[in-house]
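To be precise, the following lines are upload.pdb, and they hold PDB, C-alpha atoms.
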ATOM      1  CA  TYR A  36     -51.733  -2.817 -15.399
ATOM      2  CA  GLY A  37     -48.045  -3.512 -14.860
ATOM      3  CA  GLU A  38     -46.953  -1.856 -11.610
ATOM      4  CA  ASN A  39     -50.465  -0.418 -10.942
ATOM      5  CA  TRP A  40     -49.488   3.136 -11.778
ATOM      6  CA  ASN A  41     -53.001   3.650 -13.217
ATOM      7  CA  TYR A  42     -54.618   2.709  -9.896
ATOM      8  CA  LEU A  43     -52.327   5.113  -8.014
ATOM      9  CA  ILE A  44     -53.080   7.944 -10.404
ATOM     10  CA  THR A  45     -56.829   7.271 -10.122
ATOM     11  CA  ASP A  46     -56.640   7.358  -6.321
ATOM     12  CA  LEU A  47     -54.937  10.744  -6.469
ATOM     13  CA  GLN A  48     -57.716  12.118  -8.736
ATOM     14  CA  VAL A  49     -60.598  11.477  -6.299
ATOM     15  CA  GLU A  50     -62.966  14.454  -6.027
ATOM     16  CA  TYR A  51     -65.981  15.396  -3.957
ATOM     17  CA  PRO A  52     -68.412  13.718  -3.107
ATOM     18  CA  ASN A  53     -66.079  10.674  -3.042
ATOM     19  CA  CYS A  54     -63.762  12.381  -0.541
ATOM     20  CA  VAL A  55     -63.864  14.735   2.421
ATOM     21  CA  ALA A  56     -63.665  18.309   1.192
ATOM     22  CA  SER A  57     -62.240  21.252   3.108
ATOM     23  CA  TYR A  58     -64.523  24.245   3.466
ATOM     24  CA  ASN A  59     -61.757  26.759   4.263
ATOM     25  CA  GLY A  60     -59.327  25.628   1.524
ATOM     26  CA  ASN A  61     -56.813  24.008   3.879
ATOM     27  CA  TYR A  62     -55.277  21.007   2.075
ATOM     28  CA  LEU A  63     -54.372  19.426   5.397
ATOM     29  CA  GLU A  64     -58.048  18.944   6.217
ATOM     30  CA  THR A  65     -59.021  17.133   2.994
ATOM     31  CA  ASP A  66     -58.152  13.879   1.257
ATOM     32  CA  CYS A  67     -59.385  14.975  -2.160
ATOM     33  CA  GLY A  68     -56.987  14.958  -5.107
ATOM     34  CA  GLN A  69     -56.523  16.822  -8.362
ATOM     35  CA  VAL A  70     -57.184  15.805 -11.927
ATOM     36  CA  ALA A  71     -54.043  16.999 -13.797
ATOM     37  CA  LEU A  72     -51.308  17.087 -11.151
ATOM     38  CA  PRO A  73     -50.950  13.261 -10.698
ATOM     39  CA  TYR A  74     -50.077  12.854 -14.387
ATOM     40  CA  VAL A  75     -47.299  15.435 -14.107
ATOM     41  CA  VAL A  76     -45.910  13.924 -10.881
ATOM     42  CA  PHE A  77     -45.788  10.328 -12.110
ATOM     43  CA  VAL A  78     -44.382  11.188 -15.532
ATOM     44  CA  LEU A  79     -41.531  13.148 -13.908
ATOM     45  CA  TYR A  80     -40.982  10.355 -11.377
ATOM     46  CA  ASN A  81     -40.652   7.722 -14.111
ATOM     47  CA  LEU A  82     -38.264   9.882 -16.096
ATOM     48  CA  LEU A  83     -36.039  10.513 -13.063
ATOM     49  CA  SER A  84     -36.062   6.975 -11.710
ATOM     50  CA  MET A  85     -35.746   5.059 -14.985
ATOM     51  CA  TYR A  86     -33.468   7.273 -17.042
ATOM     52  CA  ILE A  87     -31.418   9.288 -14.529
ATOM     53  CA  PHE A  88     -31.121   7.548 -11.138
ATOM     54  CA  VAL A  89     -30.547   4.109 -12.648
ATOM     55  CA  ASN A  90     -27.790   5.426 -14.910
ATOM     56  CA  VAL A  91     -26.176   7.250 -11.992
ATOM     57  CA  PHE A  92     -26.224   4.051  -9.923
ATOM     58  CA  ILE A  93     -24.685   2.030 -12.754
ATOM     59  CA  GLY A  94     -22.037   4.706 -13.262
ATOM     60  CA  VAL A  95     -21.032   4.636  -9.584
ATOM     61  CA  VAL A  96     -20.766   0.843  -9.588
ATOM     62  CA  THR A  97     -18.676   0.700 -12.752
ATOM     63  CA  ASP A  98     -16.352   3.449 -11.496
ATOM     64  CA  ASN A  99     -15.595   1.416  -8.387
ATOM     65  CA  PHE A 100     -14.497  -1.496 -10.590
ATOM     66  CA  GLN A 101     -12.552   0.581 -13.097
ATOM     67  CA  TYR A 102      -9.206  -0.921 -12.029
ATOM     68  CA  CYS A 103     -10.429  -4.433 -12.856
ATOM     69  CA  TYR A 104     -12.404  -3.938 -16.031
ATOM     70  CA  GLN A 105     -10.799  -1.067 -17.905
ATOM     71  CA  SER A 106      -9.150  -3.021 -20.712
ATOM     72  CA  SER A 107      -7.860   0.064 -22.523
ATOM     73  CA  SER A 108      -5.621   1.126 -19.625
ATOM     74  CA  SER A 109      -1.856   0.864 -19.574
ATOM     75  CA  TYR A 110      -1.681  -1.472 -16.567
ATOM     76  CA  LYS A 111      -2.263  -5.192 -16.285
ATOM     77  CA  LEU A 112      -4.575  -7.206 -14.089
ATOM     78  CA  LEU A 113      -3.390  -9.272 -11.159
ATOM     79  CA  SER A 114      -3.162 -12.987 -11.682
ATOM     80  CA  ARG A 115      -4.052 -15.608  -9.094
ATOM     81  CA  GLN A 116      -0.409 -16.554  -8.701
ATOM     82  CA  GLU A 117       0.591 -12.955  -7.921
ATOM     83  CA  ILE A 118      -2.177 -12.602  -5.350
ATOM     84  CA  ARG A 119      -1.157 -15.959  -3.845
ATOM     85  CA  GLN A 120       2.457 -14.805  -3.543
ATOM     86  CA  PHE A 121       1.321 -11.596  -1.901
ATOM     87  CA  ARG A 122      -0.793 -13.569   0.566
ATOM     88  CA  VAL A 123       2.120 -15.868   1.433
ATOM     89  CA  THR A 124       4.375 -12.872   2.075
ATOM     90  CA  TRP A 125       1.640 -11.278   4.173
ATOM     91  CA  TRP A 126       1.303 -14.416   6.287
ATOM     92  CA  ARG A 127       4.998 -14.266   7.188
ATOM     93  CA  PHE A 128       4.398 -10.894   8.889
ATOM     94  CA  ASP A 129       0.882 -11.659  10.180
ATOM     95  CA  PRO A 130       1.085 -15.300  11.342
ATOM     96  CA  GLU A 131      -1.825 -14.879  13.777
ATOM     97  CA  GLY A 132      -4.193 -13.809  10.987
ATOM     98  CA  THR A 133      -5.216 -10.454  12.469
ATOM     99  CA  GLY A 134      -5.520  -8.937   8.990
ATOM    100  CA  TYR A 135      -3.158  -6.078   9.876
ATOM    101  CA  ILE A 136       0.577  -5.444   9.724
ATOM    102  CA  PRO A 137       1.947  -2.892  12.225
ATOM    103  CA  ARG A 138       4.048   0.062  11.170
ATOM    104  CA  GLU A 139       7.322  -1.298  12.457
ATOM    105  CA  LYS A 140       7.100  -4.210   9.981
ATOM    106  CA  TYR A 141       6.477  -2.142   6.827
ATOM    107  CA  ALA A 142      10.118  -1.905   5.764
ATOM    108  CA  ALA A 143      10.777  -5.646   6.136
ATOM    109  CA  PHE A 144       7.455  -6.474   4.433
ATOM    110  CA  PHE A 145       8.203  -4.259   1.423
ATOM    111  CA  SER A 146      11.652  -5.789   1.010
ATOM    112  CA  LYS A 147      10.188  -9.333   0.800
ATOM    113  CA  LEU A 148       7.570  -8.598  -1.863
ATOM    114  CA  LYS A 149       7.776 -10.285  -5.245
ATOM    115  CA  PRO A 150       6.915  -8.760  -8.650
ATOM    116  CA  PRO A 151       4.788  -6.906  -9.540
ATOM    117  CA  PHE A 152       4.745  -5.419  -6.006
ATOM    118  CA  ASN A 153       8.499  -5.478  -5.402
ATOM    119  CA  VAL A 154       9.756  -2.213  -3.922
ATOM    120  CA  GLY A 155      13.132  -3.416  -2.651
ATOM    121  CA  MET A 156      16.194  -1.237  -3.084
ATOM    122  CA  TYR A 157      18.459  -4.086  -4.239
ATOM    123  CA  GLY A 158      18.091  -7.021  -6.588
ATOM    124  CA  ASP A 159      18.292 -10.642  -5.531
ATOM    125  CA  ARG A 160      21.995 -10.857  -6.336
ATOM    126  CA  LEU A 161      22.791  -7.968  -4.004
ATOM    127  CA  LYS A 162      20.861  -9.209  -0.989
ATOM    128  CA  LEU A 163      22.910  -9.938   2.109
ATOM    129  CA  LYS A 164      22.366 -13.699   2.082
ATOM    130  CA  HIS A 165      23.637 -13.971  -1.507
ATOM    131  CA  LEU A 166      26.689 -11.841  -0.740
ATOM    132  CA  VAL A 167      27.474 -14.034   2.261
ATOM    133  CA  LYS A 168      27.184 -17.140   0.096
ATOM    134  CA  ALA A 169      29.545 -15.576  -2.421
ATOM    135  CA  LEU A 170      32.094 -14.844   0.300
ATOM    136  CA  ASN A 171      31.917 -18.397   1.645
ATOM    137  CA  ARG A 172      32.467 -20.096  -1.710
ATOM    138  CA  PRO A 173      35.789 -21.957  -1.937
ATOM    139  CA  SER A 174      38.462 -19.985  -3.730
ATOM    140  CA  HIS A 175      40.390 -21.669  -6.552
ATOM    141  CA  GLY A 176      43.323 -20.619  -8.656
ATOM    142  CA  LYS A 177      43.736 -16.885  -9.003
ATOM    143  CA  ASN A 178      40.688 -15.937  -6.954
ATOM    144  CA  LYS A 179      41.437 -13.326  -4.343
ATOM    145  CA  SER A 180      40.734 -14.412  -0.790
ATOM    146  CA  VAL A 181      41.199 -13.077   2.735
ATOM    147  CA  HIS A 182      41.776 -15.116   5.858
ATOM    148  CA  VAL A 183      39.850 -13.723   8.854
ATOM    149  CA  GLU A 184      39.941 -14.778  12.486
ATOM    150  CA  ILE A 185      37.141 -13.702  14.805
ATOM    151  CA  ASP A 186      37.134 -14.155  18.553
ATOM    152  CA  ARG A 187      34.442 -16.610  19.510
ATOM    153  CA  ILE A 188      31.921 -15.530  22.154
ATOM    154  CA  ARG A 189      30.209 -18.301  24.106
ATOM    155  CA  TYR A 190      26.947 -17.579  25.941
ATOM    156  CA  THR A 191      25.761 -19.607  28.905
ATOM    157  CA  HIS A 192      22.055 -20.295  29.256
ATOM    158  CA  SER A 193      20.435 -20.017  32.663
ATOM    159  CA  ASN A 194      17.519 -22.040  33.976
ATOM    160  CA  VAL A 195      15.132 -19.065  33.618
ATOM    161  CA  GLY A 196      15.602 -18.840  29.866
ATOM    162  CA  ALA A 197      17.842 -15.752  29.840
ATOM    163  CA  TYR A 198      21.390 -15.454  28.510
ATOM    164  CA  THR A 199      24.069 -14.505  30.998
ATOM    165  CA  HIS A 200      27.254 -12.547  30.353
ATOM    166  CA  PRO A 201      29.309 -13.631  27.308
ATOM    167  CA  ILE A 202      32.394 -15.727  27.964
ATOM    168  CA  PRO A 203      35.329 -15.478  25.498
ATOM    169  CA  ASP A 204      36.401 -18.763  23.951
ATOM    170  CA  ASN A 205      40.037 -19.653  23.438
ATOM    171  CA  GLU A 206      39.528 -20.912  19.897
ATOM    172  CA  PRO A 207      38.762 -18.107  17.408
ATOM    173  CA  LEU A 208      36.548 -18.596  14.356
ATOM    174  CA  GLN A 209      38.479 -18.778  11.087
ATOM    175  CA  TYR A 210      37.104 -17.901   7.657
ATOM    176  CA  ASP A 211      38.535 -17.783   4.157
ATOM    177  CA  LEU A 212      36.528 -15.089   2.378
ATOM    178  CA  ASN A 213      36.335 -15.252  -1.413
ATOM    179  CA  ILE A 214      36.790 -11.635  -2.475
ATOM    180  CA  SER A 215      36.664 -12.473  -6.199
ATOM    181  CA  GLU A 216      33.132 -13.885  -5.918
ATOM    182  CA  LEU A 217      32.042 -10.840  -3.928
ATOM    183  CA  GLU A 218      33.405  -8.496  -6.588
ATOM    184  CA  ARG A 219      31.667 -10.549  -9.266
ATOM    185  CA  CYS A 220      28.326 -10.048  -7.496
ATOM    186  CA  LEU A 221      28.932  -6.335  -6.972
ATOM    187  CA  ARG A 222      29.544  -5.833 -10.701
ATOM    188  CA  HIS A 223      25.810  -6.256 -11.214
ATOM    189  CA  ALA A 224      25.092  -3.262  -8.976
ATOM    190  CA  ASP A 225      23.747  -0.215 -10.794
ATOM    191  CA  PRO A 226      24.247   2.835  -8.518
ATOM    192  CA  TYR A 227      21.807   4.977 -10.481
ATOM    193  CA  GLN A 228      19.066   2.334 -10.390
ATOM    194  CA  MET A 229      19.720   1.739  -6.697
ATOM    195  CA  ARG A 230      19.207   5.439  -5.993
ATOM    196  CA  LEU A 231      15.936   5.356  -7.925
ATOM    197  CA  ASN A 232      14.813   2.251  -6.029
ATOM    198  CA  ARG A 233      15.686   3.859  -2.706
ATOM    199  CA  ARG A 234      13.749   7.000  -3.626
ATOM    200  CA  GLU A 235      10.711   4.925  -4.594
ATOM    201  CA  PHE A 236      11.001   2.862  -1.410
ATOM    202  CA  ASN A 237      11.102   5.982   0.765
ATOM    203  CA  ARG A 238       8.075   7.487  -0.973
ATOM    204  CA  ILE A 239       6.000   4.312  -0.644
ATOM    205  CA  TYR A 240       7.043   3.879   2.988
ATOM    206  CA  GLN A 241       6.173   7.461   3.948
ATOM    207  CA  GLU A 242       2.875   7.356   2.053
ATOM    208  CA  ALA A 243       1.933   4.142   3.868
ATOM    209  CA  LEU A 244       2.539   5.929   7.174
ATOM    210  CA  LEU A 245       0.216   8.748   6.097
ATOM    211  CA  ILE A 246      -2.775   6.606   5.086
ATOM    212  CA  ASP A 247      -2.656   3.763   7.609
ATOM    213  CA  ASN A 248      -4.150   3.394  11.058
ATOM    214  CA  PRO A 249      -1.470   4.557  13.548
ATOM    215  CA  LYS A 250      -2.565   1.994  16.142
ATOM    216  CA  ARG A 251      -3.352  -1.088  14.033
ATOM    217  CA  GLY A 252      -1.269  -0.505  10.938
ATOM    218  CA  MET A 253      -2.578  -1.358   7.450
ATOM    219  CA  GLY A 254      -5.061  -4.078   6.549
ATOM    220  CA  PHE A 255      -4.643  -6.736   3.886
ATOM    221  CA  THR A 256      -7.079  -5.258   1.340
ATOM    222  CA  GLN A 257      -5.873  -1.702   1.891
ATOM    223  CA  MET A 258      -2.248  -2.746   1.443
ATOM    224  CA  LEU A 259      -3.048  -4.727  -1.716
ATOM    225  CA  ILE A 260      -4.911  -1.805  -3.305
ATOM    226  CA  PHE A 261      -2.220   0.636  -2.155
ATOM    227  CA  LEU A 262       0.615  -1.336  -3.744
ATOM    228  CA  ALA A 263      -1.405  -2.001  -6.910
ATOM    229  CA  ARG A 264      -1.972   1.720  -7.358
ATOM    230  CA  LYS A 265       1.684   2.506  -6.750
ATOM    231  CA  LYS A 266       3.185  -0.241  -8.928
ATOM    232  CA  MET A 267       0.601  -1.111 -11.595
ATOM    233  CA  VAL A 268      -1.491   1.996 -12.258
ATOM    234  CA  ASP A 269      -0.656   5.173 -14.132
ATOM    235  CA  PRO A 270      -2.527   7.976 -12.288
ATOM    236  CA  ALA A 271      -2.590  10.177 -15.386
ATOM    237  CA  THR A 272      -4.682   7.672 -17.363
ATOM    238  CA  ALA A 273      -6.470   5.565 -14.740
ATOM    239  CA  PHE A 274      -7.691   7.988 -12.063
ATOM    240  CA  LEU A 275     -10.793  10.111 -12.191
ATOM    241  CA  VAL A 276     -10.625  13.841 -11.500
ATOM    242  CA  GLU A 277     -11.489  13.506  -7.811
ATOM    243  CA  GLU A 278      -9.028  10.642  -7.321
ATOM    244  CA  THR A 279      -6.317  12.555  -9.166
ATOM    245  CA  LEU A 280      -6.771  15.531  -6.848
ATOM    246  CA  ARG A 281      -6.532  13.301  -3.773
ATOM    247  CA  TYR A 282      -3.472  11.563  -5.209
ATOM    248  CA  ASN A 283      -1.719  14.868  -5.935
ATOM    249  CA  ASP A 284      -2.542  16.187  -2.466
ATOM    250  CA  LEU A 285      -1.120  13.046  -0.869
ATOM    251  CA  ALA A 286       1.980  13.259  -3.077
ATOM    252  CA  GLU A 287       2.577  16.830  -1.870
ATOM    253  CA  GLN A 288       2.326  15.651   1.744
ATOM    254  CA  VAL A 289       4.851  12.897   1.050
ATOM    255  CA  ASP A 290       7.226  15.404  -0.585
ATOM    256  CA  GLU A 291       6.974  17.651   2.455
ATOM    257  CA  VAL A 292       7.711  14.765   4.837
ATOM    258  CA  LEU A 293      10.715  13.674   2.757
ATOM    259  CA  ARG A 294      12.101  17.225   2.692
ATOM    260  CA  GLN A 295      11.780  17.483   6.468
ATOM    261  CA  LYS A 296      13.461  14.110   6.914
ATOM    262  CA  PHE A 297      16.297  15.135   4.606
ATOM    263  CA  VAL A 298      16.927  18.266   6.688
ATOM    264  CA  GLU A 299      16.818  16.247   9.904
ATOM    265  CA  ASP A 300      19.280  13.665   8.553
ATOM    266  CA  LEU A 301      21.599  16.442   7.345
ATOM    267  CA  ILE A 302      21.624  18.073  10.787
ATOM    268  CA  VAL A 303      22.332  14.737  12.487
ATOM    269  CA  TYR A 304      25.095  13.952   9.999
ATOM    270  CA  THR A 305      26.722  17.361  10.516
ATOM    271  CA  ALA A 306      26.594  17.000  14.310
ATOM    272  CA  ASP A 307      28.055  13.486  14.204
ATOM    273  CA  TYR A 308      30.777  14.585  11.801
ATOM    274  CA  ARG A 309      31.817  17.423  14.094
ATOM    275  CA  VAL A 310      31.941  15.059  17.053
ATOM    276  CA  TYR A 311      34.067  12.647  15.028
ATOM    277  CA  ARG A 312      36.475  15.417  13.968
ATOM    278  CA  ALA A 313      36.769  16.671  17.519
ATOM    279  CA  VAL A 314      37.549  13.180  18.857
ATOM    280  CA  SER A 315      39.994  12.307  16.070
ATOM    281  CA  HIS A 316      42.070  15.486  16.603
ATOM    282  CA  ARG A 317      42.648  14.913  20.296
TER
END

Taking this structure as input, can you express it in the form of structure tokens?
Amino acid sequence: YGENWNYLITDLQVEYPNCVASYNGNYLETDCGQVALPYVVFVLYNLLSMYIFVNVFIGVVTDNFQYCYQSSSSYKLLSRQEIRQFRVTWWRFDPEGTGYIPREKYAAFFSKLKPPFNVGMYGDRLKLKHLVKALNRPSHGKNKSVHVEIDRIRYTHSNVGAYTHPIPDNEPLQYDLNISELERCLRHADPYQMRLNRREFNRIYQEALLIDNPKRGMGFTQMLIFLARKKMVDPATAFLVEETLRYNDLAEQVDEVLRQKFVEDLIVYTADYRVYRAVSHR
């Protein structure tokens, strides 16, 4: 009999004298069934459970994995190497393995990310350490160079582990800076692309502040999904209607925060400029 539906239907069709009948017609006082109603109930139940609820459940599950299994989308899947690189970068900012990075480390964390999650404002050639290396390269021939002397500051270390007042040293530090190598590195700078990178960095940074936990920061999985959506997914083709509405609402909040920050920075700049003009004209 399969799942014993026939037995259940038969039990619901019991009639007097095989059950206790109610003399006043109250169904709460009887355990007798009906002949036709069980067929209707079980047929509707099978239709709903087998052909509607199961399909709804499968649809919900597949929607949650749409970013991994939608092969017709315009974005690519993450490789193991890319996830490994992301994990290594994460470990540098979460060495204790708490699973969270606090807010004050977001900017430094974003600047250290590798493709496809890189959101830095400058390329590798324009990072500070590479520019310093270029300045320190020996100059030959017609290379432009500048000789710089910097007063050396010597710090004394106390027995409690704290640094005392700095003591000037008589011998200054001397450097020969290779200006030609620095100019060669700066030729690769694209001002327009740098402005675009800075705009993207500010948007991602402000959006991270809006969706994270103010006390704990952002977790590993949340950060990975967040960056994947920002760098690897096209919202117009990958998001569902509900997700698109949430994404647009969040984008409007980010725009509002950036506009407020722009006004604040403009006011601070104007005030500082007036102070500078007042001091310089004395």

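Nearest to A:Leu244 of all the residues A:Pro73, A:Pro270, A:Pro150, A:Pro137 is A:Pro137, counting only C-alpha atoms.
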
*Identify all residues satisfying the PyMOL selection byres ((chain A and resi 77-92) around 12) in the given file; provide them as a ChimeraX atom specification.*
/A:38-45,47,71-76,93-99

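You will find atom CA of A:Gln288 at 19.0 Å from atom CA of A:Tyr141.
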
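You can rank A:Asp300, A:Glu139, A:Asp269, A:Asp129 by their closest distance to A:Ala243 using only C-alpha atoms, and at the top of that list sits A:Glu139.
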
*If you count all atoms listed in the file, which residues fall within 6 Å of stretch 164-175 of chain A, apart from same-chain ones fewer than 3 positions away, as a count of residues only?*
6

*asked:* Report as an MDAnalysis selection string all protein, DNA and RNA residues lying within 10 Å of A:Phe236, evaluated on only C-alpha atoms, omitting residues in the same chain fewer than 3 positions from it.
replied: chainID A and resid 142 145:146 153:156 230:233 239:242

Determine the axis-aligned bounding box of all atoms of stretch 70-85 of chain A present in the file, pad each side by 3 Å, and express its centre and edge lengths in Å to one decimal place as JSON.
{"center_x": -46.5, "center_y": 11.1, "center_z": -13.4, "size_x": 27.4, "size_y": 18.0, "size_z": 11.4}

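Of the listed residues A:Arg281, A:Arg234, A:Lys162, A:Arg127, the one whose atoms come nearest to A:Phe297 is A:Arg234, with distances taken using all atoms listed in the file.
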
_Polymer residues at most 12 Å from (-4.4, -3.2, 5.8) by only C-alpha atoms, as an NGL selection string_ = :A and (125 or 129 or 132-138 or 141 or 243-244 or 246-262)

_Nearest residue to A:Gln116 out of A:Asp225, A:Tyr304, A:Lys149, A:Ala56, using all atoms listed in the file?_
A:Lys149

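Of the residues under consideration (A:Cys67, A:Leu245, A:Ala313, A:Cys54), A:Leu245 shows the shortest atom-to-atom contact distance to A:Asp290 when counting all atoms listed in the file.
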
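The coordinates place atom CA of A:Leu275 at 20.8 Å from atom CA of A:Leu113.
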
_So the first atom is atom CA of A:Tyr282 and the second is atom CA of A:Lys265; what is the distance between them in Å, to one decimal place?_
10.5 Å

*Between A:Asp307, A:Leu148, A:Tyr58, A:Cys220, single out the one closest to A:Lys266, counting all atoms listed in the file.*
A:Leu148

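Those residues that approach A:Thr65 to within 12 Å, counting only C-alpha atoms, are Val49, Glu50, Tyr51, Pro52, Asn53, Cys54, Val55, Ala56, Ser57, Tyr58, Asn59, Gly60, Asn61, Tyr62, Leu63, Cys67, Gly68 and Gln69 of chain A; same-chain residues fewer than 2 positions away are not listed.
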